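Structure file data28.tsv (TSV, C-alpha atoms) is printed below.
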chain	number	residue	atom	x	y	z
A	188	MET	CA	-2.28	-13.83	-33.14
A	189	THR	CA	-5.42	-12.09	-34.33
A	190	SER	CA	-5.80	-8.35	-34.75
A	191	LYS	CA	-8.29	-8.43	-31.88
A	192	HIS	CA	-5.66	-9.92	-29.53
A	193	ILE	CA	-3.08	-7.39	-30.69
A	194	TYR	CA	-5.54	-4.50	-29.99
A	195	THR	CA	-6.25	-5.86	-26.52
A	196	LEU	CA	-2.54	-6.13	-25.68
A	197	ILE	CA	-1.88	-2.60	-26.91
A	198	THR	CA	-4.80	-1.26	-24.85
A	199	ILE	CA	-3.62	-3.03	-21.69
A	200	SER	CA	-0.05	-1.77	-22.21
A	201	PHE	CA	-1.26	1.79	-22.77
A	202	VAL	CA	-3.44	1.77	-19.66
A	203	GLY	CA	-0.56	0.34	-17.66
A	204	PHE	CA	1.71	3.06	-18.99
A	205	LEU	CA	-0.77	5.75	-17.94
A	206	GLY	CA	-1.09	4.21	-14.50
A	207	LEU	CA	2.68	4.04	-14.10
A	208	SER	CA	3.03	7.64	-15.26
A	209	ALA	CA	0.45	8.76	-12.70
A	210	GLN	CA	2.24	6.87	-9.94
A	211	GLU	CA	5.59	8.34	-10.97
A	212	LYS	CA	4.10	11.82	-11.02
A	213	LYS	CA	2.53	11.26	-7.60
A	214	SER	CA	5.87	10.15	-6.15
A	215	GLU	CA	7.40	13.44	-7.31
A	216	MET	CA	4.72	15.57	-5.62
A	217	SER	CA	4.94	17.22	-2.23
A	218	PRO	CA	2.07	16.70	0.25
A	219	LYS	CA	1.72	20.49	0.36
A	220	GLU	CA	0.54	20.55	-3.26
A	221	THR	CA	-2.84	19.13	-2.22
A	222	GLU	CA	-3.26	21.13	1.00
A	223	ASP	CA	-5.95	23.84	0.93
A	224	TRP	CA	-5.28	26.69	3.36
A	225	SER	CA	-7.93	29.04	1.98
A	226	ASN	CA	-11.34	29.76	3.49
A	227	GLU	CA	-10.58	28.64	7.03
A	228	PRO	CA	-13.82	27.44	8.69
A	229	LYS	CA	-15.09	29.80	11.36
A	230	GLN	CA	-14.48	28.64	14.91
A	231	ILE	CA	-17.69	28.34	16.94
A	232	SER	CA	-18.28	27.70	20.62
A	233	PHE	CA	-21.08	26.22	22.70
A	234	ASN	CA	-23.00	27.47	25.72
A	235	LYS	CA	-23.99	25.43	28.77
A	236	ASN	CA	-26.97	23.99	26.87
A	237	ASN	CA	-24.69	22.92	24.00
A	238	VAL	CA	-26.17	25.55	21.66
A	239	PRO	CA	-23.66	26.61	18.98
A	240	SER	CA	-22.63	30.25	18.98
A	241	ASP	CA	-23.81	30.78	15.39
A	242	ALA	CA	-27.31	29.50	16.12
A	243	ILE	CA	-30.53	31.50	16.28
A	244	VAL	CA	-32.24	30.59	19.55
A	245	LEU	CA	-35.99	30.20	19.15
A	246	PHE	CA	-36.76	29.04	22.69
A	247	ASP	CA	-34.47	28.84	25.71
A	248	GLY	CA	-37.10	28.69	28.44
A	249	SER	CA	-37.26	32.39	29.19
A	250	ASN	CA	-39.88	33.78	26.79
A	251	LEU	CA	-41.82	33.34	23.55
A	252	ASP	CA	-40.52	36.51	21.93
A	253	ALA	CA	-39.49	34.66	18.75
A	254	TRP	CA	-43.04	33.34	18.22
A	255	HIS	CA	-46.56	34.54	17.56
A	256	ASN	CA	-49.93	33.03	16.73
A	257	ARG	CA	-49.96	31.44	13.29
A	258	LYS	CA	-53.41	32.65	12.32
A	259	ASN	CA	-53.49	36.27	13.42
A	260	GLU	CA	-49.88	36.98	14.51
A	261	THR	CA	-50.93	38.01	18.01
A	262	PRO	CA	-48.63	37.08	20.93
A	263	ALA	CA	-48.16	33.32	21.42
A	264	LYS	CA	-50.25	32.01	24.33
A	265	TRP	CA	-48.59	28.69	25.02
A	266	THR	CA	-47.54	28.06	28.62
A	267	ILE	CA	-43.99	28.67	29.83
A	268	ASN	CA	-43.24	26.37	32.77
A	269	SER	CA	-41.02	27.00	35.77
A	270	ASP	CA	-38.53	24.36	34.58
A	271	GLY	CA	-37.79	26.24	31.36
A	272	THR	CA	-40.05	24.19	29.12
A	273	MET	CA	-43.18	25.27	27.27
A	274	THR	CA	-46.43	23.38	26.82
A	275	VAL	CA	-48.99	23.55	24.06
A	276	LYS	CA	-52.09	25.37	25.31
A	277	PRO	CA	-54.90	23.53	23.53
A	278	GLY	CA	-57.31	25.74	21.67
A	279	THR	CA	-54.98	28.73	21.37
A	280	GLY	CA	-53.72	27.63	17.95
A	281	ASP	CA	-50.42	26.91	16.25
A	282	ILE	CA	-47.47	29.21	16.83
A	283	LYS	CA	-44.93	30.27	14.24
A	284	THR	CA	-41.62	32.12	14.20
A	285	LYS	CA	-41.72	35.83	13.48
A	286	GLU	CA	-38.65	35.42	11.31
A	287	LYS	CA	-38.76	33.49	8.02
A	288	PHE	CA	-36.11	31.04	6.95
A	289	GLY	CA	-34.80	29.12	3.97
A	290	SER	CA	-32.59	26.03	4.28
A	291	ILE	CA	-31.72	25.31	7.91
A	292	GLN	CA	-30.49	22.91	10.54
A	293	LEU	CA	-33.10	22.72	13.32
A	294	HIS	CA	-32.72	21.28	16.81
A	295	LEU	CA	-35.65	20.79	19.14
A	296	GLU	CA	-36.55	18.64	22.11
A	297	TRP	CA	-40.08	17.56	22.94
A	298	SER	CA	-41.96	15.33	25.34
A	299	ALA	CA	-45.37	13.73	25.12
A	300	PRO	CA	-47.64	13.97	28.20
A	301	ASP	CA	-46.51	11.57	30.94
A	302	LYS	CA	-50.09	10.37	31.37
A	303	ILE	CA	-50.95	8.20	28.40
A	304	GLU	CA	-54.35	9.07	26.98
A	305	SER	CA	-56.03	7.97	23.76
A	306	GLU	CA	-54.20	6.14	20.98
A	307	GLY	CA	-53.04	6.53	17.41
A	308	GLN	CA	-53.10	10.14	16.22
A	309	GLY	CA	-54.80	11.25	19.42
A	310	ARG	CA	-51.79	10.52	21.62
A	311	GLY	CA	-49.12	13.17	22.16
A	312	ASN	CA	-49.70	14.75	18.75
A	313	SER	CA	-48.06	17.94	17.51
A	314	GLY	CA	-45.82	18.70	14.55
A	315	VAL	CA	-43.07	20.95	13.29
A	316	PHE	CA	-43.64	22.62	9.91
A	317	PHE	CA	-40.93	24.15	7.74
A	318	GLN	CA	-41.93	27.22	5.73
A	319	GLU	CA	-45.46	26.55	7.03
A	320	LYS	CA	-45.83	23.76	4.44
A	321	TYR	CA	-43.67	20.75	5.17
A	322	GLU	CA	-44.36	18.80	8.36
A	323	VAL	CA	-42.18	16.42	10.30
A	324	GLN	CA	-44.61	14.60	12.56
A	325	ILE	CA	-44.43	14.80	16.34
A	326	LEU	CA	-46.37	11.98	17.98
A	327	ASP	CA	-46.07	9.63	20.93
A	328	SER	CA	-45.18	6.57	18.85
A	329	TYR	CA	-43.94	4.52	21.81
A	330	ASN	CA	-45.99	1.30	21.65
A	331	ASN	CA	-48.64	3.24	19.76
A	332	ARG	CA	-49.52	1.98	16.28
A	333	THR	CA	-50.84	4.37	13.67
A	334	TYR	CA	-50.46	4.72	9.90
A	335	SER	CA	-46.74	4.48	9.19
A	336	ASN	CA	-46.45	7.75	7.26
A	337	GLY	CA	-48.05	9.54	10.19
A	338	GLN	CA	-45.93	8.30	13.08
A	339	ALA	CA	-43.16	10.24	14.83
A	340	THR	CA	-40.53	11.62	12.38
A	341	ALA	CA	-42.60	10.76	9.30
A	342	ILE	CA	-42.60	13.36	6.57
A	343	TYR	CA	-46.34	13.57	7.08
A	344	LYS	CA	-48.33	11.46	4.61
A	345	GLN	CA	-45.19	11.09	2.44
A	346	THR	CA	-42.18	9.23	3.84
A	347	ILE	CA	-42.07	6.52	6.51
A	348	PRO	CA	-39.12	6.67	8.93
A	349	LEU	CA	-36.45	3.98	8.63
A	350	VAL	CA	-37.00	2.89	12.25
A	351	ASN	CA	-39.10	3.92	15.22
A	352	ALA	CA	-36.65	5.55	17.65
A	353	THR	CA	-39.31	6.92	20.02
A	354	LYS	CA	-38.58	6.71	23.74
A	355	SER	CA	-41.11	6.37	26.54
A	356	PRO	CA	-43.34	9.45	27.09
A	357	THR	CA	-41.62	9.87	30.46
A	358	GLU	CA	-38.43	10.74	28.56
A	359	TRP	CA	-37.49	13.63	26.28
A	360	GLN	CA	-37.20	13.16	22.53
A	361	THR	CA	-34.59	14.98	20.44
A	362	TYR	CA	-34.98	15.95	16.79
A	363	ASP	CA	-32.11	17.22	14.66
A	364	ILE	CA	-33.41	18.08	11.21
A	365	ILE	CA	-31.60	19.29	8.09
A	366	PHE	CA	-33.99	20.96	5.69
A	367	HIS	CA	-33.08	22.10	2.19
A	368	GLN	CA	-35.82	24.20	0.67
A	369	PRO	CA	-37.26	23.50	-2.80
A	370	ILE	CA	-36.28	25.76	-5.69
A	371	PHE	CA	-38.84	27.39	-7.96
A	372	TYR	CA	-38.23	29.17	-11.28
A	373	ASN	CA	-40.80	30.96	-13.41
A	374	GLY	CA	-43.61	29.60	-11.29
A	375	LYS	CA	-42.50	25.97	-11.42
A	376	LYS	CA	-40.56	23.73	-9.07
A	377	VAL	CA	-37.20	22.89	-10.62
A	378	GLN	CA	-35.67	21.14	-7.60
A	379	SER	CA	-37.36	19.35	-4.72
A	380	GLY	CA	-36.53	20.09	-1.11
A	381	THR	CA	-35.05	17.42	1.15
A	382	PHE	CA	-35.18	16.32	4.78
A	383	THR	CA	-32.63	14.50	6.87
A	384	VAL	CA	-34.00	13.67	10.32
A	385	ILE	CA	-32.05	12.33	13.29
A	386	HIS	CA	-34.26	11.14	16.16
A	387	ASN	CA	-32.57	10.52	19.50
A	388	GLY	CA	-29.24	10.14	17.70
A	389	VAL	CA	-30.58	7.74	15.04
A	390	VAL	CA	-30.94	8.60	11.35
A	391	VAL	CA	-34.59	7.98	10.47
A	392	GLN	CA	-34.93	10.07	7.28
A	393	ASP	CA	-31.85	10.03	5.05
A	394	HIS	CA	-31.87	12.96	2.62
A	395	VAL	CA	-35.38	12.14	1.42
A	396	GLU	CA	-37.22	14.12	-1.24
A	397	ILE	CA	-40.06	16.39	-0.18
A	398	LYS	CA	-42.77	15.75	-2.75
A	399	GLY	CA	-44.64	18.94	-1.92
A	400	SER	CA	-46.73	20.30	0.94
A	401	THR	CA	-47.73	17.71	3.54
A	402	GLU	CA	-51.50	17.65	3.14
A	403	TYR	CA	-53.90	15.98	5.56
A	404	ILE	CA	-56.25	15.18	2.65
A	405	GLY	CA	-55.14	14.79	-0.93
A	406	PRO	CA	-51.78	14.78	-2.73
A	407	PRO	CA	-48.87	17.19	-2.12
A	408	LEU	CA	-49.07	20.67	-3.64
A	409	ASN	CA	-46.20	22.61	-5.17
A	410	GLU	CA	-47.19	26.25	-5.15
A	411	PRO	CA	-44.19	28.59	-5.61
A	412	HIS	CA	-42.97	30.30	-2.45
A	413	GLY	CA	-39.93	31.78	-0.80
A	414	GLU	CA	-38.67	31.64	2.76
A	415	GLY	CA	-41.19	30.88	5.48
A	416	SER	CA	-41.77	30.49	9.20
A	417	ILE	CA	-41.22	27.48	11.44
A	418	VAL	CA	-44.54	26.32	12.90
A	419	LEU	CA	-45.30	24.26	16.01
A	420	GLN	CA	-48.72	22.67	15.91
A	421	ASP	CA	-51.52	22.83	18.48
A	422	HIS	CA	-53.20	19.45	17.98
A	423	GLY	CA	-55.00	19.57	21.32
A	424	ASN	CA	-52.41	17.56	23.28
A	425	LEU	CA	-50.20	18.82	26.12
A	426	VAL	CA	-46.90	18.29	24.30
A	427	GLN	CA	-43.90	20.04	25.85
A	428	TYR	CA	-40.91	21.67	24.13
A	429	ARG	CA	-37.50	22.92	25.20
A	430	ASN	CA	-34.13	23.97	23.76
A	431	ILE	CA	-35.14	25.00	20.21
A	432	TRP	CA	-32.54	26.56	17.94
A	433	LEU	CA	-31.54	26.63	14.29
A	434	ARG	CA	-28.64	27.44	12.02
A	435	LYS	CA	-29.04	28.89	8.54
A	436	LEU	CA	-27.48	26.83	5.76
For the structure just supplied, provide its representation as structure tokens.
Amino acid sequence: MTSKHIYTLITISFVGFLGLSAQEKKSEMSPKETEDWSNEPKQISFNKNNVPSDAIVLFDGSNLDAWHNRKNETPAKWTINSDGTMTVKPGTGDIKTKEKFGSIQLHLEWSAPDKIESEGQGRGNSGVFFQEKYEVQILDSYNNRTYSNGQATAIYKQTIPLVNATKSPTEWQTYDIIFHQPIFYNGKKVQSGTFTVIHNGVVVQDHVEIKGSTEYIGPPLNEPHGEGSIVLQDHGNLVQYRNIWLRKL
């Protein structure tokens, strides 16, 4: 038998001994030794609209108190409807939250106009921006072809969704978005932000990297910043919203 064979046998025996020792040690343990009773998670509840009790409600159909005009911070002028929804009022401009946020879980529901008009980017177009810089596209992408990184749930001009989960414009769409903000240090980005997007119950963006701001023209930018507002875009289409809330992460 060669020295190489002897070394192999010794190694196998030693590994087997370690494995046996671990199994013997495990058999002597109590299940309680690996139970963690510290830091009990806080119990939350849900209201009739299924909004969690620890959420910050941004729109519940009653008012636009959480929002103002993006450009001049005057009162938001979008239309509140009798059914508890709100509609973009074309020409009045984007609206943004008065409060600024970091990493969050955001829930919103939206609907494109029932009457189909135009095509591509001209059909049921809006958008939700995080920290006023990073857009998840809102667009009627039901039987409506456009550039893939500009369709519904795209990280605009960056990441194409895994599938197109858009329903008919006669139905409501649901977005659940987990946003982790980028980290900057000494004026430079040291960690990219990420998006996870669930559209109508389907994962369409799976913890994807945010390369920088979502620019209409040109590459992403990475200017240092802190917390920022949530923005809903006025793109000139009568997109409706309802049931918007978020949780800080």
Name all residues at most 10 Å from Asp327 of chain A (count all atoms listed in the file; drop same-chain ones fewer than 6 positions away) and give them as a JSON list (two decimals) with C-alpha atoms, in the frame of the given file.
[["chain", "number", "residue", "atom", "x", "y", "z"],
["A", 298, "SER", "CA", -41.96, 15.33, 25.34],
["A", 299, "ALA", "CA", -45.37, 13.73, 25.12],
["A", 300, "PRO", "CA", -47.64, 13.97, 28.20],
["A", 303, "ILE", "CA", -50.95, 8.20, 28.40],
["A", 306, "GLU", "CA", -54.20, 6.14, 20.98],
["A", 307, "GLY", "CA", -53.04, 6.53, 17.41],
["A", 308, "GLN", "CA", -53.10, 10.14, 16.22],
["A", 309, "GLY", "CA", -54.80, 11.25, 19.42],
["A", 310, "ARG", "CA", -51.79, 10.52, 21.62],
["A", 311, "GLY", "CA", -49.12, 13.17, 22.16],
["A", 312, "ASN", "CA", -49.70, 14.75, 18.75],
["A", 313, "SER", "CA", -48.06, 17.94, 17.51],
["A", 338, "GLN", "CA", -45.93, 8.30, 13.08],
["A", 339, "ALA", "CA", -43.16, 10.24, 14.83],
["A", 353, "THR", "CA", -39.31, 6.92, 20.02],
["A", 354, "LYS", "CA", -38.58, 6.71, 23.74],
["A", 355, "SER", "CA", -41.11, 6.37, 26.54],
["A", 356, "PRO", "CA", -43.34, 9.45, 27.09],
["A", 360, "GLN", "CA", -37.20, 13.16, 22.53],
["A", 426, "VAL", "CA", -46.90, 18.29, 24.30]]
Skipping near chain neighbours, those fewer than 2 positions away, what residues fall within 8 Å of Gly271 of chain A using all atoms listed in the file, listed as a PyMOL selection string?
chain A and resi 247-249+267-269+273+429
Distance query Thr274 of chain A at most 7 Å, all atoms listed in the file, self and fewer than 5 positions along chain excluded, as an NGL selection string
:A and (265-267 or 425-428)
If I take atom CA of Asp363 of chain A and atom CA of Pro348 of chain A, how far is one from the other in Å, to one decimal?
13.9 Å
So that I can check the surroundings of Val389 of chain A, please list as a PyMOL selection string every protein, DNA and RNA residue that reaches within 12 Å of it, counting all atoms listed in the file and ignoring chain neighbours fewer than 2 positions away.
chain A and resi 340+348-354+360-364+383-387+391-393
So, with only C-alpha atoms as the atoms that count, which of A:Val418, A:Trp432, A:Ile370, A:Val395 lies closest to Ala263 of chain A?
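Result for the nearest residue to Ala263 of chain A: A:Val418.
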Atom pair atom CA of Asn236 of chain A + atom CA of His294 of chain A, distance 11.9 Å
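Residue nearest Phe366 of chain A, chosen from A:Leu251, A:Ile404, A:Ile342, A:Ile325 and counting only C-alpha atoms: A:Ile342.
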Of the candidates A:Ser416, A:Trp254, A:Glu260, A:Lys229, which shows the shortest atom-to-atom distance to Lys287 of chain A, using only C-alpha atoms?
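Among the listed residues, A:Ser416 lies closest to Lys287 of chain A.
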Given the choices A:Glu396, A:Glu286, A:Glu358, A:Glu319, which gets closest to Val244 of chain A if the distance is worked out from only C-alpha atoms?
A:Glu286
Could you tell me how far atom CA of Ile243 of chain A lies from atom CA of Lys276 of chain A, in Å and to one decimal?
24.2 Å
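Close contacts of Phe316 of chain A, defined as residues with an atom at most 10 Å away when counting all atoms listed in the file, with chain neighbours fewer than 6 positions off set aside, comprise Lys283, Glu322, Val323, Gln324, Ile342, Tyr343, Ser400, Thr401, Gly415, Ser416, Ile417, Val418, Leu419 and Gln420 of chain A.
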May I ask which of the residues A:Gly374, A:Gly337, A:Gly278, A:Gly423 is the closest one to Glu410 of chain A, counting only C-alpha atoms?
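Counting only C-alpha atoms, the residue closest to Glu410 of chain A is A:Gly374.
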